[in-house]
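K.L.:
Structure incoming, see below.
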Amino acid sequence: MNQKICKHCEDKHIVPGRQQVKELVETIHIPESLRVTDDVYEARLDQCNSCSDLREGVLCVWCGCFVQFRARPKSSYCPNPSGDRWEKG
């Protein structure tokens with residue numbers, strides 16, 4: 001397993017890789033009525049992956065969350081202070 005230390009935290013935290021986060025996301029059940037479609041989810045992740053504020057491929061600088069988790073619920077939004085970059089679900 002290839003572990004990285006978060007360079008942006010005061011404390012040193014191990015940052016899981018994309019595959020680890022993907023596997024964790026798959027274990028969480030969000031009712032269909034509360035989650036975006038797979039197409040919207042992928043579009044949101046594409047926006048995150050093209051953002052200069054994404055760290056280690058998984059962490060959002062603005063909210064500190066794993067974007068793969070944040071992108072799934074309909075109620076979520078992109079926290080970028082320049083404006084929400086996500087398609088609404």
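FYI, nothing fancy with the structure tokens labels: chains A, B, ... in order, residues from 1 per chain, ligands from 1 as they appear.
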Need to verify the contact set: Lys74 of chain A, 9 Å, only C-alpha atoms, exclusion of same-chain residues closer than 2 positions in sequence. Can you return it as a ChimeraX atom specification?
P.N.:
/A:33-37,71-72,76-77,88-89
K.L.:
Please dump the current selection as a PDB file, in the first residue's frame; keep N, CA and C atoms.
P.N.:
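again-v3.pdb, freshly written:
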ATOM      1  N   SER A  33     -33.135   8.049  -3.634  1.00  0.00           N
ATOM      2  CA  SER A  33     -33.829   9.333  -3.700  1.00  0.00           C
ATOM      3  C   SER A  33     -32.974  10.494  -3.187  1.00  0.00           C
ATOM      4  N   LEU A  34     -31.900  10.189  -2.470  1.00  0.00           N
ATOM      5  CA  LEU A  34     -31.051  11.231  -1.887  1.00  0.00           C
ATOM      6  C   LEU A  34     -29.703  11.384  -2.573  1.00  0.00           C
ATOM      7  N   ARG A  35     -29.466  10.582  -3.611  1.00  0.00           N
ATOM      8  CA  ARG A  35     -28.173  10.661  -4.285  1.00  0.00           C
ATOM      9  C   ARG A  35     -28.353  11.060  -5.750  1.00  0.00           C
ATOM     10  N   VAL A  36     -27.298  11.629  -6.288  1.00  0.00           N
ATOM     11  CA  VAL A  36     -27.307  12.011  -7.696  1.00  0.00           C
ATOM     12  C   VAL A  36     -27.114  10.760  -8.552  1.00  0.00           C
ATOM     13  N   THR A  37     -27.456  10.877  -9.812  1.00  0.00           N
ATOM     14  CA  THR A  37     -27.251   9.765 -10.740  1.00  0.00           C
ATOM     15  C   THR A  37     -25.753   9.525 -10.918  1.00  0.00           C
ATOM     16  N   ALA A  71     -19.421  14.164  -3.269  1.00  0.00           N
ATOM     17  CA  ALA A  71     -20.061  14.315  -4.579  1.00  0.00           C
ATOM     18  C   ALA A  71     -21.329  13.487  -4.749  1.00  0.00           C
ATOM     19  N   ARG A  72     -21.587  12.505  -3.915  1.00  0.00           N
ATOM     20  CA  ARG A  72     -22.719  11.596  -4.125  1.00  0.00           C
ATOM     21  C   ARG A  72     -24.084  12.153  -3.680  1.00  0.00           C
ATOM     22  N   SER A  76     -25.347  17.932  -1.536  1.00  0.00           N
ATOM     23  CA  SER A  76     -23.979  18.453  -1.494  1.00  0.00           C
ATOM     24  C   SER A  76     -23.749  19.501  -2.575  1.00  0.00           C
ATOM     25  N   TYR A  77     -22.748  20.300  -2.350  1.00  0.00           N
ATOM     26  CA  TYR A  77     -22.365  21.337  -3.307  1.00  0.00           C
ATOM     27  C   TYR A  77     -20.844  21.483  -3.282  1.00  0.00           C
ATOM     28  N   LYS A  88     -26.035  20.392 -10.770  1.00  0.00           N
ATOM     29  CA  LYS A  88     -27.051  20.058  -9.773  1.00  0.00           C
ATOM     30  C   LYS A  88     -27.651  18.711 -10.103  1.00  0.00           C
ATOM     31  N   GLY A  89     -27.968  17.950  -9.061  1.00  0.00           N
ATOM     32  CA  GLY A  89     -28.496  16.613  -9.263  1.00  0.00           C
ATOM     33  C   GLY A  89     -29.930  16.544  -8.962  1.00  0.00           C
TER      34      GLY A  89
END
K.L.:
Let me make sure I understand: among A:Gly64, A:Gly83, A:Gly57, A:Pro73, which one has the smallest atom-to-atom distance to Asp38 of chain A if we use only C-alpha atoms?
P.N.:
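When distances to Asp38 of chain A are compared using only C-alpha atoms, the smallest one comes from A:Pro73.
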K.L.:
Would you mind reading off the distance between atom CA of Leu45 of chain A and atom CA of Gln20 of chain A, one decimal, in Å?
P.N.:
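The value is 15.7 Å.
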K.L.:
Within 12 Å of Lys22 of chain A, counting only C-alpha atoms, which residues show up once you throw out same-chain ones fewer than 2 positions away? Write them as number ranges by chain, please.
P.N.:
A: 16-20, 24-28, 45, 57-58, 66-69, 71-72
K.L.:
Go ahead and save the residues from that selection, with all heavy atoms, as a compact mmCIF listing (two decimals), in the first residue's frame.
P.N.:
# COMPACT_ATOMS: atom_id res chain seq x y z
N PRO A 16 -5.52 8.32 2.44
CA PRO A 16 -5.74 7.12 1.63
C PRO A 16 -5.69 7.46 0.14
O PRO A 16 -5.98 8.59 -0.25
CB PRO A 16 -7.12 6.63 2.04
CG PRO A 16 -7.79 7.83 2.62
CD PRO A 16 -6.71 8.72 3.16
N GLY A 17 -5.34 6.49 -0.67
CA GLY A 17 -5.32 6.68 -2.10
C GLY A 17 -6.71 6.63 -2.70
O GLY A 17 -7.69 6.29 -2.02
N ARG A 18 -6.82 6.98 -3.97
CA ARG A 18 -8.12 6.99 -4.65
C ARG A 18 -8.83 5.65 -4.57
O ARG A 18 -10.03 5.59 -4.37
CB ARG A 18 -7.95 7.38 -6.12
CG ARG A 18 -7.66 8.83 -6.32
CD ARG A 18 -7.58 9.13 -7.79
NE ARG A 18 -7.02 10.45 -7.97
CZ ARG A 18 -7.30 11.23 -8.98
NH1 ARG A 18 -8.11 10.82 -9.92
NH2 ARG A 18 -6.76 12.42 -9.09
N GLN A 19 -8.09 4.57 -4.76
CA GLN A 19 -8.72 3.25 -4.74
C GLN A 19 -9.29 2.94 -3.36
O GLN A 19 -10.39 2.41 -3.24
CB GLN A 19 -7.73 2.16 -5.17
CG GLN A 19 -8.35 0.79 -5.28
CD GLN A 19 -9.49 0.72 -6.30
OE1 GLN A 19 -9.44 1.36 -7.34
NE2 GLN A 19 -10.50 -0.06 -5.97
N GLN A 20 -8.55 3.27 -2.31
CA GLN A 20 -9.04 3.04 -0.95
C GLN A 20 -10.32 3.84 -0.70
O GLN A 20 -11.27 3.33 -0.12
CB GLN A 20 -7.98 3.42 0.08
CG GLN A 20 -6.82 2.48 0.13
CD GLN A 20 -5.76 3.01 1.07
OE1 GLN A 20 -5.14 4.04 0.79
NE2 GLN A 20 -5.55 2.32 2.17
N LEU A 24 -14.20 2.52 0.08
CA LEU A 24 -14.99 2.98 1.22
C LEU A 24 -16.33 3.57 0.79
O LEU A 24 -17.36 3.32 1.41
CB LEU A 24 -14.21 4.03 2.02
CG LEU A 24 -13.02 3.51 2.81
CD1 LEU A 24 -12.21 4.68 3.35
CD2 LEU A 24 -13.48 2.61 3.94
N VAL A 25 -16.31 4.35 -0.28
CA VAL A 25 -17.55 4.96 -0.79
C VAL A 25 -18.56 3.88 -1.15
O VAL A 25 -19.75 4.01 -0.89
CB VAL A 25 -17.25 5.87 -2.00
CG1 VAL A 25 -18.52 6.26 -2.73
CG2 VAL A 25 -16.49 7.11 -1.56
N GLU A 26 -18.08 2.79 -1.73
CA GLU A 26 -18.97 1.71 -2.15
C GLU A 26 -19.64 1.01 -0.98
O GLU A 26 -20.65 0.34 -1.16
CB GLU A 26 -18.22 0.72 -3.03
CG GLU A 26 -17.86 1.31 -4.38
CD GLU A 26 -16.92 0.43 -5.21
OE1 GLU A 26 -16.51 -0.65 -4.72
OE2 GLU A 26 -16.60 0.84 -6.33
N THR A 27 -19.11 1.16 0.23
CA THR A 27 -19.71 0.51 1.40
C THR A 27 -20.81 1.35 2.05
O THR A 27 -21.54 0.85 2.90
CB THR A 27 -18.65 0.21 2.48
OG1 THR A 27 -18.15 1.42 3.02
CG2 THR A 27 -17.53 -0.64 1.92
N ILE A 28 -20.92 2.61 1.66
CA ILE A 28 -21.91 3.50 2.26
C ILE A 28 -23.19 3.48 1.45
O ILE A 28 -23.18 3.66 0.23
CB ILE A 28 -21.36 4.94 2.35
CG1 ILE A 28 -20.16 4.95 3.28
CG2 ILE A 28 -22.42 5.91 2.80
CD1 ILE A 28 -19.45 6.25 3.35
N LEU A 45 -17.13 14.62 -10.04
CA LEU A 45 -15.75 14.20 -9.81
C LEU A 45 -14.81 14.73 -10.88
O LEU A 45 -13.66 15.09 -10.58
CB LEU A 45 -15.66 12.67 -9.72
CG LEU A 45 -16.31 12.05 -8.48
CD1 LEU A 45 -16.15 10.53 -8.52
CD2 LEU A 45 -15.73 12.62 -7.19
N GLY A 57 -5.42 13.86 -4.95
CA GLY A 57 -6.45 13.20 -5.75
C GLY A 57 -7.72 12.87 -5.00
O GLY A 57 -8.64 12.28 -5.57
N VAL A 58 -7.80 13.25 -3.73
CA VAL A 58 -8.98 12.89 -2.93
C VAL A 58 -9.48 13.99 -2.00
O VAL A 58 -10.64 13.97 -1.60
CB VAL A 58 -8.73 11.60 -2.10
CG1 VAL A 58 -8.53 10.39 -2.98
CG2 VAL A 58 -7.57 11.77 -1.14
N PHE A 66 -13.23 14.20 1.62
CA PHE A 66 -12.91 13.34 0.48
C PHE A 66 -13.98 13.61 -0.57
O PHE A 66 -15.17 13.39 -0.33
CB PHE A 66 -12.92 11.86 0.88
CG PHE A 66 -11.82 11.50 1.83
CD1 PHE A 66 -12.09 11.21 3.15
CD2 PHE A 66 -10.50 11.46 1.40
CE1 PHE A 66 -11.08 10.87 4.02
CE2 PHE A 66 -9.48 11.12 2.26
CZ PHE A 66 -9.77 10.83 3.59
N VAL A 67 -13.58 14.10 -1.72
CA VAL A 67 -14.56 14.51 -2.73
C VAL A 67 -15.42 13.35 -3.21
O VAL A 67 -16.58 13.55 -3.59
CB VAL A 67 -13.89 15.23 -3.92
CG1 VAL A 67 -13.24 16.53 -3.45
CG2 VAL A 67 -12.89 14.34 -4.64
N GLN A 68 -14.89 12.14 -3.17
CA GLN A 68 -15.67 10.99 -3.61
C GLN A 68 -16.88 10.75 -2.71
O GLN A 68 -17.89 10.22 -3.15
CB GLN A 68 -14.78 9.73 -3.65
CG GLN A 68 -13.72 9.79 -4.73
CD GLN A 68 -12.45 10.54 -4.32
OE1 GLN A 68 -12.38 11.22 -3.31
NE2 GLN A 68 -11.43 10.43 -5.14
N PHE A 69 -16.80 11.15 -1.44
CA PHE A 69 -17.95 11.07 -0.54
C PHE A 69 -18.88 12.26 -0.77
O PHE A 69 -20.09 12.10 -0.86
CB PHE A 69 -17.50 11.08 0.93
CG PHE A 69 -16.90 9.79 1.40
CD1 PHE A 69 -15.54 9.67 1.53
CD2 PHE A 69 -17.70 8.70 1.70
CE1 PHE A 69 -14.96 8.49 1.97
CE2 PHE A 69 -17.14 7.52 2.14
CZ PHE A 69 -15.76 7.41 2.27
N ALA A 71 -19.42 14.16 -3.27
CA ALA A 71 -20.06 14.31 -4.58
C ALA A 71 -21.33 13.49 -4.75
O ALA A 71 -22.11 13.75 -5.66
CB ALA A 71 -19.07 13.94 -5.68
N ARG A 72 -21.59 12.50 -3.92
CA ARG A 72 -22.72 11.60 -4.12
C ARG A 72 -24.08 12.15 -3.68
O ARG A 72 -25.05 12.05 -4.42
CB ARG A 72 -22.43 10.26 -3.44
CG ARG A 72 -23.47 9.22 -3.67
CD ARG A 72 -23.80 9.00 -5.13
NE ARG A 72 -22.99 7.98 -5.75
CZ ARG A 72 -23.18 7.55 -6.98
NH1 ARG A 72 -24.15 8.02 -7.72
NH2 ARG A 72 -22.39 6.65 -7.50
K.L.:
Ranking A:Glu42, A:Cys65, A:Leu54, A:Gln47 by minimum distance to Asp84 of chain A and counting only C-alpha atoms, which one comes first?
P.N.:
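Between A:Glu42, A:Cys65, A:Leu54, A:Gln47, the residue approaching Asp84 of chain A most closely is A:Gln47.
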K.L.:
Please list as a PyMOL selection string every residue within 12 Å of Asn80 of chain A, counting only C-alpha atoms and excluding residues in the same chain fewer than 4 positions away.
P.N.:
chain A and resi 47-48+51-54+60-64+84-86
K.L.:
Which value, in Å to one decimal, gives the distance between atom CA of Cys78 of chain A and atom CA of Arg44 of chain A?
P.N.:
8.5 Å
K.L.:
What is the atom CA of Glu56 of chain A-atom CA of Glu32 of chain A distance in Å, reported with one decimal?
P.N.:
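Between these atoms lies a distance of 28.9 Å.
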K.L.:
Choose the residue, out of A:Leu59, A:Pro79, A:Asp46, A:Arg70, that has the smallest atom-to-atom separation from Ile30 of chain A; count only C-alpha atoms.
P.N.:
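Between A:Leu59, A:Pro79, A:Asp46, A:Arg70, the residue approaching Ile30 of chain A most closely is A:Arg70.
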K.L.:
Run DSSP on the backbone and give me the residues of segment 19-69 of chain A it puts in helix (DSSP H, G or I), as a list in words.
P.N.:
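Matching residues, listed in order: Gln19, Gln20, Val21, Lys22, Glu23, Leu24, Val25, Glu26, Thr27, Glu32, Ser33, Leu34, Asp38, Asp39, Val40, Tyr41, Glu42, Ala43, Arg44, Leu45, Asp46, Gln47, Cys48, Asn49, Val67, Gln68 and Phe69 of chain A.
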K.L.:
Give me a file of those residues, with C-alpha atoms, as a PDB file, in the first residue's frame.
P.N.:
ATOM      1  CA  GLN A  19      -8.716   3.247  -4.737  1.00  0.00           C
ATOM      2  CA  GLN A  20      -9.044   3.040  -0.954  1.00  0.00           C
ATOM      3  CA  VAL A  21     -11.510   5.926  -0.917  1.00  0.00           C
ATOM      4  CA  LYS A  22     -13.474   4.371  -3.801  1.00  0.00           C
ATOM      5  CA  GLU A  23     -13.774   1.116  -1.867  1.00  0.00           C
ATOM      6  CA  LEU A  24     -14.993   2.982   1.223  1.00  0.00           C
ATOM      7  CA  VAL A  25     -17.546   4.956  -0.791  1.00  0.00           C
ATOM      8  CA  GLU A  26     -18.975   1.714  -2.154  1.00  0.00           C
ATOM      9  CA  THR A  27     -19.713   0.515   1.404  1.00  0.00           C
ATOM     10  CA  GLU A  32     -31.463   6.443  -4.320  1.00  0.00           C
ATOM     11  CA  SER A  33     -33.829   9.333  -3.700  1.00  0.00           C
ATOM     12  CA  LEU A  34     -31.051  11.231  -1.887  1.00  0.00           C
ATOM     13  CA  ASP A  38     -24.004   8.072 -11.703  1.00  0.00           C
ATOM     14  CA  ASP A  39     -23.621  10.509 -14.618  1.00  0.00           C
ATOM     15  CA  VAL A  40     -23.941  13.549 -12.349  1.00  0.00           C
ATOM     16  CA  TYR A  41     -21.612  11.942  -9.797  1.00  0.00           C
ATOM     17  CA  GLU A  42     -18.946  11.361 -12.460  1.00  0.00           C
ATOM     18  CA  ALA A  43     -19.388  14.927 -13.785  1.00  0.00           C
ATOM     19  CA  ARG A  44     -18.884  16.283 -10.268  1.00  0.00           C
ATOM     20  CA  LEU A  45     -15.749  14.199  -9.805  1.00  0.00           C
ATOM     21  CA  ASP A  46     -14.459  15.381 -13.188  1.00  0.00           C
ATOM     22  CA  GLN A  47     -14.822  18.954 -11.936  1.00  0.00           C
ATOM     23  CA  CYS A  48     -12.957  18.071  -8.744  1.00  0.00           C
ATOM     24  CA  ASN A  49     -10.197  16.286 -10.637  1.00  0.00           C
ATOM     25  CA  VAL A  67     -14.561  14.513  -2.729  1.00  0.00           C
ATOM     26  CA  GLN A  68     -15.666  10.987  -3.610  1.00  0.00           C
ATOM     27  CA  PHE A  69     -17.947  11.071  -0.541  1.00  0.00           C
TER      28      PHE A  69
END
